[in-house]
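Novice: What follows is the file work-v2.cif, containing mmCIF, C-alpha atoms:
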```cif
data_model
#
loop_
_atom_site.label_atom_id
_atom_site.label_comp_id
_atom_site.auth_asym_id
_atom_site.auth_seq_id
_atom_site.Cartn_x
_atom_site.Cartn_y
_atom_site.Cartn_z
CA MET A 1 6.96 7.54 17.19
CA TRP A 2 5.01 6.25 14.21
CA GLY A 3 5.66 8.88 11.59
CA ARG A 4 3.40 10.98 9.43
CA TRP A 5 0.11 9.20 10.20
CA LEU A 6 0.21 9.68 14.00
CA PRO A 7 -1.98 12.83 14.02
CA VAL A 8 -4.66 10.94 12.08
CA CYS A 9 -4.74 8.14 14.62
CA VAL A 10 -4.37 10.07 17.85
CA ALA A 11 -8.10 10.61 18.31
CA THR A 12 -8.99 6.94 17.96
CA ALA A 13 -5.77 5.59 19.49
CA LEU A 14 -5.57 1.93 18.47
CA SER A 15 -9.19 1.00 19.08
CA PHE A 16 -9.96 0.51 15.39
CA PRO A 17 -7.66 -1.66 13.22
CA GLY A 18 -7.53 0.88 10.40
CA CYS A 19 -7.31 3.86 12.78
CA SER A 20 -8.86 5.92 10.00
CA ALA A 21 -11.04 8.95 10.54
CA SER A 22 -12.44 8.61 7.03
CA GLY A 23 -13.00 4.85 7.02
CA ASP A 24 -12.02 2.99 3.88
CA GLN A 25 -11.17 6.24 2.11
CA GLN A 26 -7.80 6.27 3.85
CA VAL A 27 -4.99 3.78 3.27
CA LEU A 28 -2.08 3.65 5.71
CA VAL A 29 0.99 2.19 4.00
CA PHE A 30 4.19 1.23 5.82
CA ALA A 31 7.08 1.06 3.35
CA ALA A 32 10.83 0.41 3.53
CA SER A 33 12.86 3.61 3.30
CA SER A 34 14.48 2.48 0.04
CA LEU A 35 11.03 2.72 -1.56
CA THR A 36 10.58 6.41 -0.72
CA ASP A 37 10.85 7.85 -4.22
CA VAL A 38 8.77 5.08 -5.78
CA PHE A 39 5.95 5.19 -3.25
CA ASP A 40 5.84 8.99 -3.23
CA ARG A 41 5.10 8.82 -6.94
CA LEU A 42 2.69 5.87 -6.62
CA GLU A 43 0.85 7.65 -3.81
CA HIS A 44 0.30 10.65 -6.09
CA ASP A 45 -0.69 8.59 -9.13
CA PHE A 46 -3.06 6.36 -7.15
CA GLU A 47 -4.82 9.33 -5.54
CA THR A 48 -5.19 10.93 -8.97
CA GLU A 49 -6.93 7.82 -10.26
CA HIS A 50 -8.97 7.34 -7.07
CA PRO A 51 -10.42 10.74 -6.09
CA GLY A 52 -11.30 10.97 -2.42
CA VAL A 53 -8.85 8.26 -1.32
CA ASP A 54 -6.01 9.45 0.89
CA VAL A 55 -2.86 7.32 0.88
CA ILE A 56 -0.55 8.02 3.82
CA VAL A 57 2.90 6.43 3.69
CA ASN A 58 5.11 5.88 6.72
CA TYR A 59 8.74 5.18 5.74
CA GLY A 60 11.48 3.59 7.81
CA GLY A 61 13.76 0.61 8.20
CA SER A 62 11.75 -2.56 7.58
CA SER A 63 12.49 -4.01 11.00
CA LEU A 64 11.46 -0.77 12.72
CA LEU A 65 8.18 -0.72 10.80
CA ALA A 66 7.56 -4.39 11.61
CA GLY A 67 8.13 -3.62 15.28
CA GLN A 68 5.60 -0.79 15.13
CA ILE A 69 3.03 -3.10 13.53
CA GLU A 70 3.70 -5.78 16.16
CA GLN A 71 3.04 -3.13 18.83
CA GLY A 72 -0.34 -2.29 17.29
CA ALA A 73 0.43 0.34 14.68
CA PRO A 74 -2.54 0.33 12.27
CA ALA A 75 -0.89 -0.37 8.91
CA ASP A 76 -3.26 -1.36 6.11
CA VAL A 77 -0.42 -2.28 3.73
CA PHE A 78 3.18 -3.27 4.41
CA ALA A 79 5.97 -3.21 1.81
CA ALA A 80 9.23 -4.55 3.22
CA ALA A 81 12.75 -5.02 1.90
CA ASP A 82 12.91 -8.70 2.79
CA LEU A 83 10.60 -11.66 3.26
CA ALA A 84 11.80 -12.51 6.77
CA THR A 85 10.67 -9.14 8.12
CA MET A 86 7.32 -9.45 6.35
CA LYS A 87 6.71 -12.84 7.95
CA ARG A 88 7.06 -11.26 11.41
CA VAL A 89 3.80 -9.35 10.99
CA LEU A 90 1.65 -11.97 9.26
CA VAL A 91 -0.89 -13.84 11.41
CA ALA A 92 -0.96 -17.54 10.63
CA ASP A 93 -4.76 -17.85 10.30
CA SER A 94 -5.19 -14.52 8.51
CA PRO A 95 -6.54 -14.48 4.94
CA PHE A 96 -3.68 -12.07 4.22
CA ALA A 97 -0.75 -14.44 4.53
CA GLU A 98 0.67 -14.68 1.01
CA PRO A 99 2.89 -11.66 0.38
CA VAL A 100 3.82 -10.99 -3.24
CA VAL A 101 7.38 -10.11 -4.24
CA PHE A 102 6.86 -7.02 -6.39
CA ALA A 103 10.44 -5.83 -6.87
CA ARG A 104 14.05 -6.86 -6.49
CA ASN A 105 17.12 -4.81 -5.68
CA ARG A 106 20.88 -5.21 -5.63
CA MET A 107 23.51 -3.89 -3.27
CA ALA A 108 26.25 -1.44 -4.24
CA ILE A 109 28.92 0.76 -2.69
CA ALA A 110 27.91 4.42 -2.65
CA VAL A 111 30.73 6.93 -2.99
CA GLU A 112 30.85 10.66 -3.57
CA GLU A 113 30.57 11.81 -7.17
CA GLY A 114 33.80 11.05 -8.99
CA ASN A 115 34.86 8.43 -6.42
CA PRO A 116 37.60 10.66 -4.97
CA MET A 117 38.95 7.91 -2.71
CA GLY A 118 39.36 5.48 -5.60
CA ILE A 119 37.36 2.67 -4.03
CA THR A 120 37.08 -0.37 -6.32
CA GLY A 121 35.31 -2.99 -4.23
CA LEU A 122 34.44 -4.40 -0.83
CA ALA A 123 38.10 -5.05 0.08
CA GLY A 124 38.88 -1.39 -0.53
CA LEU A 125 36.54 -0.34 2.27
CA THR A 126 39.20 -1.26 4.82
CA ALA A 127 41.75 1.31 3.61
CA ASP A 128 43.35 3.40 6.34
CA GLY A 129 41.52 6.61 7.13
CA LEU A 130 38.44 5.69 5.09
CA VAL A 131 35.14 6.62 6.74
CA VAL A 132 32.55 3.96 5.99
CA VAL A 133 28.96 3.81 7.24
CA LEU A 134 26.52 0.92 7.14
CA ALA A 135 22.87 0.39 7.93
CA ASP A 136 22.15 -1.25 11.26
CA GLU A 137 22.13 -5.04 10.98
CA GLU A 138 18.58 -5.03 12.34
CA VAL A 139 17.35 -3.68 8.99
CA PRO A 140 17.60 -5.70 5.75
CA ALA A 141 20.21 -3.48 4.07
CA GLY A 142 22.49 -3.82 7.08
CA ALA A 143 22.00 -7.56 7.26
CA TYR A 144 22.75 -7.88 3.54
CA ALA A 145 25.91 -5.77 3.92
CA ALA A 146 27.13 -7.85 6.86
CA ALA A 147 26.52 -11.08 4.94
CA MET A 148 28.39 -9.82 1.88
CA LEU A 149 31.36 -8.60 3.88
CA GLN A 150 31.59 -11.90 5.74
CA GLN A 151 31.33 -13.88 2.51
CA ALA A 152 34.08 -11.75 0.96
CA GLY A 153 36.29 -12.16 4.03
CA VAL A 154 36.33 -8.41 4.68
CA GLU A 155 36.54 -7.33 8.31
CA LEU A 156 35.17 -3.83 8.62
CA THR A 157 34.33 -1.61 11.59
CA PRO A 158 32.10 1.19 10.28
CA ALA A 159 32.22 4.72 11.61
CA SER A 160 28.51 4.41 12.39
CA TYR A 161 25.46 2.23 11.97
CA GLU A 162 22.45 4.09 10.58
CA SER A 163 18.79 3.33 11.29
CA ASN A 164 17.94 2.87 7.61
CA VAL A 165 19.67 2.67 4.26
CA ARG A 166 18.63 6.15 3.11
CA ALA A 167 20.54 7.59 6.08
CA VAL A 168 23.65 5.77 4.86
CA ALA A 169 23.29 7.25 1.38
CA ALA A 170 22.68 10.71 2.84
CA LYS A 171 25.87 10.64 4.89
CA VAL A 172 27.93 9.82 1.83
CA ALA A 173 26.11 12.41 -0.30
CA LEU A 174 26.75 15.09 2.35
CA GLY A 175 30.45 14.27 2.58
CA GLU A 176 30.14 12.94 6.13
CA ALA A 177 31.39 9.52 5.00
CA ASP A 178 33.57 8.30 2.16
CA ALA A 179 31.50 5.23 1.36
CA GLY A 180 28.54 3.14 2.41
CA ILE A 181 26.83 -0.05 1.30
CA VAL A 182 23.34 0.70 0.04
CA TYR A 183 20.84 -0.48 -2.55
CA ARG A 184 21.65 0.43 -6.15
CA THR A 185 18.36 2.33 -6.27
CA ASP A 186 19.51 4.64 -3.46
CA ILE A 187 22.42 5.73 -5.64
CA PHE A 188 20.10 6.03 -8.63
CA ALA A 189 17.84 8.34 -6.59
CA ASP A 190 20.72 10.72 -5.78
CA GLY A 191 22.79 10.40 -8.93
CA GLU A 192 23.91 14.04 -8.86
CA ARG A 193 25.85 13.52 -5.63
CA LEU A 194 26.59 9.80 -5.57
CA ASP A 195 28.43 7.34 -7.78
CA GLU A 196 28.21 3.57 -7.71
CA VAL A 197 31.00 1.09 -7.20
CA VAL A 198 29.59 -2.17 -8.53
CA ILE A 199 29.71 -5.23 -6.30
CA PRO A 200 30.29 -8.30 -8.53
CA ASP A 201 27.51 -10.90 -8.70
CA PRO A 202 29.46 -13.61 -6.80
CA GLN A 203 29.74 -11.20 -3.83
CA ASN A 204 26.34 -9.56 -4.18
CA ILE A 205 22.89 -10.27 -2.75
CA THR A 206 19.52 -9.83 -4.41
CA ALA A 207 16.89 -8.34 -2.11
CA ASP A 208 13.27 -9.43 -2.55
CA TYR A 209 10.62 -6.81 -1.74
CA PRO A 210 7.25 -8.27 -0.64
CA ILE A 211 3.99 -6.39 -0.25
CA GLU A 212 0.81 -7.44 1.55
CA VAL A 213 -2.54 -6.16 2.76
CA LEU A 214 -2.71 -6.39 6.56
CA HIS A 215 -6.25 -5.12 7.12
CA ASP A 216 -9.24 -5.79 4.93
CA GLY A 217 -10.31 -2.86 2.80
CA VAL A 218 -11.23 -2.21 -0.80
CA ASN A 219 -8.79 0.64 -1.22
CA ALA A 220 -5.95 -1.13 0.58
CA GLN A 221 -6.21 -3.99 -1.89
CA ALA A 222 -6.62 -1.53 -4.76
CA PHE A 223 -3.36 0.17 -3.78
CA VAL A 224 -1.50 -3.16 -3.69
CA ASP A 225 -2.96 -4.05 -7.10
CA PHE A 226 -1.81 -0.64 -8.36
CA VAL A 227 1.75 -1.33 -7.18
CA LEU A 228 1.66 -4.75 -8.86
CA GLY A 229 0.09 -3.41 -12.04
CA ALA A 230 1.40 -1.64 -15.12
CA THR A 231 1.90 1.76 -13.48
CA GLY A 232 3.75 0.27 -10.52
CA ARG A 233 6.02 -1.75 -12.77
CA VAL A 234 6.94 1.31 -14.83
CA VAL A 235 7.63 3.46 -11.75
CA LEU A 236 9.74 0.73 -10.16
CA SER A 237 11.72 0.16 -13.35
CA ASP A 238 12.32 3.89 -13.76
CA ALA A 239 13.74 3.95 -10.22
CA GLY A 240 16.19 1.15 -10.98
CA PHE A 241 14.37 -1.78 -9.39
CA GLU A 242 14.24 -5.17 -11.05
CA ILE A 243 10.75 -6.55 -11.74
CA PRO A 244 10.16 -10.26 -10.94
#
```
Since I need it in another form, could you write the structure as structure tokens?
Specialist:
Amino acid sequence: MWGRWLPVCVATALSFPGCSASGDQQVLVFAASSLTDVFDRLEHDFETEHPGVDVIVNYGGSSLLAGQIEQGAPADVFAAADLATMKRVLVADSPFAEPVVFARNRMAIAVEEGNPMGITGLAGLTADGLVVVLADEEVPAGAYAAAMLQQAGVELTPASYESNVRAVAAKVALGEADAGIVYRTDIFADGERLDEVVIPDPQNITADYPIEVLHDGVNAQAFVDFVLGATGRVVLSDAGFEIP
């Protein structure tokens, strides 16, 4: 249920907060699915600079990851796609209660390369016969999409709600949907198969991405500092994120 790190934790169950067979040499990071490309690269670069440290990243919709943490999943670091979801997992009297916004993102309409359906904006998503998919409103990308559509006065019934924003982008890229509302960075990550229809600023939403250490550990804090530092800023910018 909890992704790639489950085999590491199965022996110790949840008896130890870090659930780490190698102690502080392992950092368990929970990250929003829209950060996949960025954190894959940061994981590699951090491990190169910190020999012997194993960074394990579990990706998913932010609300799903928060739910796992609330149920006892042993995340050392959490990087979410909105502040509200981050606040769910922070303990009031914890020393780790000041998440830092490390990146910002914008929403866009993802269409197949060449925009064969000629979609020009949010209102165009209601055209007859158009197959549109959205992220579930439980995850930030879905909540942002719902808010934008409501603000624009667009009533839309999607063909499906996906568990995370990357699944929305994948359906469009595979030709299983004509369009979907995703982060601009999701289109940037699959630029060979997807094109962007820009959502104008008055209709758009800026997503703040916070990061925080949840369990004390030298390497957990070092990884967060790495994300916030020069290397992290370059990797995020290269992926299309805005830097605060």
Novice: Atom CA of A:Glu43 and atom CA of A:Val224, how far apart in Å?
Specialist: 11.1 Å
Novice: Using all atoms listed in the file, which residue out of A:Val139, A:Val213, A:Val218, A:Leu42 lies closest to A:Leu64?
Specialist: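 Nearest to A:Leu64: A:Val139.
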Novice: Could you write out as JSON, numbers by chain the residues that the PyMOL selection byres ((chain A and resi 140) around 12) matches in the shown file?
Specialist: {"A": [32, 33, 34, 60, 61, 62, 63, 64, 65, 66, 80, 81, 82, 83, 84, 85, 86, 105, 106, 107, 134, 135, 136, 137, 138, 139, 141, 142, 143, 144, 145, 146, 147, 162, 163, 164, 165, 181, 182, 183, 205, 206, 207, 208, 209]}
Novice: Run the PyMOL selection byres ((chain A and resi 100-102) around 7) on the file and write out the hits as a PyMOL selection string.
Specialist: chain A and resi 98-99+103+208-212+228+243-244
Novice: Restricting it to C-alpha atoms, dump the selection as an mmCIF file, in the frame of the given file.
Specialist:
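Result saved to again.cif:
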```cif
data_model
loop_
_atom_site.group_PDB
_atom_site.id
_atom_site.type_symbol
_atom_site.label_atom_id
_atom_site.label_comp_id
_atom_site.auth_asym_id
_atom_site.auth_seq_id
_atom_site.Cartn_x
_atom_site.Cartn_y
_atom_site.Cartn_z
ATOM 1 C CA GLU A 98 0.670 -14.680 1.010
ATOM 2 C CA PRO A 99 2.890 -11.660 0.380
ATOM 3 C CA ALA A 103 10.440 -5.830 -6.870
ATOM 4 C CA ASP A 208 13.270 -9.430 -2.550
ATOM 5 C CA TYR A 209 10.620 -6.810 -1.740
ATOM 6 C CA PRO A 210 7.250 -8.270 -0.640
ATOM 7 C CA ILE A 211 3.990 -6.390 -0.250
ATOM 8 C CA GLU A 212 0.810 -7.440 1.550
ATOM 9 C CA LEU A 228 1.660 -4.750 -8.860
ATOM 10 C CA ILE A 243 10.750 -6.550 -11.740
ATOM 11 C CA PRO A 244 10.160 -10.260 -10.940
#
```
Novice: Can you tell me, as a PDB file with C-alpha atoms, keeping the file's coordinate frame, what residues are no more than 7 Å from A:Phe30 when counting all atoms listed in the file, ignoring any on the same chain fewer than 2 positions away?
Specialist:
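What ended up in selection-v4.pdb:
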```
ATOM      1  CA  LEU A  28      -2.080   3.650   5.710  1.00  0.00           C
ATOM      2  CA  VAL A  57       2.900   6.430   3.690  1.00  0.00           C
ATOM      3  CA  ASN A  58       5.110   5.880   6.720  1.00  0.00           C
ATOM      4  CA  TYR A  59       8.740   5.180   5.740  1.00  0.00           C
ATOM      5  CA  LEU A  65       8.180  -0.720  10.800  1.00  0.00           C
ATOM      6  CA  ALA A  75      -0.890  -0.370   8.910  1.00  0.00           C
ATOM      7  CA  VAL A  77      -0.420  -2.280   3.730  1.00  0.00           C
ATOM      8  CA  PHE A  78       3.180  -3.270   4.410  1.00  0.00           C
ATOM      9  CA  ALA A  79       5.970  -3.210   1.810  1.00  0.00           C
TER      10      ALA A  79
END
```
Novice: Assuming the chain letters and numbering stay as they are in my file, what does the PyMOL selection byres ((chain A and resi 129) around 12) actually select? List them as JSON, numbers by chain.
Specialist: {"A": [117, 124, 125, 126, 127, 128, 130, 131, 132, 157, 158, 159, 177, 178, 179]}
Novice: Around (2.3, -7.0, 10.4) in the file's frame, which residues reach within 7 Å when counting all atoms listed in the file? Return as a PDB file with C-alpha atoms, keeping the file's coordinate frame?
Specialist:
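Okay, selection.pdb is ready:
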```
ATOM      1  CA  ALA A  66       7.560  -4.390  11.610  1.00  0.00           C
ATOM      2  CA  ILE A  69       3.030  -3.100  13.530  1.00  0.00           C
ATOM      3  CA  GLU A  70       3.700  -5.780  16.160  1.00  0.00           C
ATOM      4  CA  MET A  86       7.320  -9.450   6.350  1.00  0.00           C
ATOM      5  CA  ARG A  88       7.060 -11.260  11.410  1.00  0.00           C
ATOM      6  CA  VAL A  89       3.800  -9.350  10.990  1.00  0.00           C
ATOM      7  CA  LEU A  90       1.650 -11.970   9.260  1.00  0.00           C
ATOM      8  CA  LEU A 214      -2.710  -6.390   6.560  1.00  0.00           C
TER       9      LEU A 214
END
```
Novice: Hey, which of A:Val198, A:Ala110, A:Val38, A:Val53 ends up closest to A:Gly232? Count all atoms listed in the file.
Specialist: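 Result for the nearest residue to A:Gly232: A:Val38.
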Novice: Take atom CA of A:Pro51 and atom CA of A:Leu35 and report the distance between them in Å, one decimal.
Specialist: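 Rounded to one decimal, the two atoms are 23.3 Å apart.
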Novice: So what do you get for atom CA of A:Gly180 versus atom CA of A:Val133, distance-wise?
Specialist: 4.9 Å
Novice: Skip A:Pro202 itself and residues of its chain fewer than 3 positions away, then list as a PyMOL selection string all residues within 10 Å of it, counting only C-alpha atoms.
Specialist: chain A and resi 148+151-152+199+205
Novice: Point out the residue among A:Glu113, A:Asp54, A:Glu47, A:Asp40 with the least atom-to-atom distance to A:Ala173, counting all atoms listed in the file.
Specialist: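 Smallest separation from A:Ala173 among the options: A:Glu113.
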Novice: Between A:Leu122, A:Val227, A:Val172, A:Ala167, single out the one closest to A:Gly153, counting all atoms listed in the file.
Specialist: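 Looking only at the distances to A:Gly153, the closest residue turns out to be A:Leu122.
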Novice: Considering all atoms listed in the file, state which residue in the set A:Gln203, A:Glu155, A:Gly118, A:Phe223 is at the smallest distance from A:Ile56.
Specialist: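 Using all atoms listed in the file, A:Ile56 sits closest to A:Phe223.
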Novice: Nearest to A:Arg193 among A:Gly52, A:Gly240, A:Gly114, A:Gly72, with distances taken over only C-alpha atoms: which residue is it?
Specialist: A:Gly114
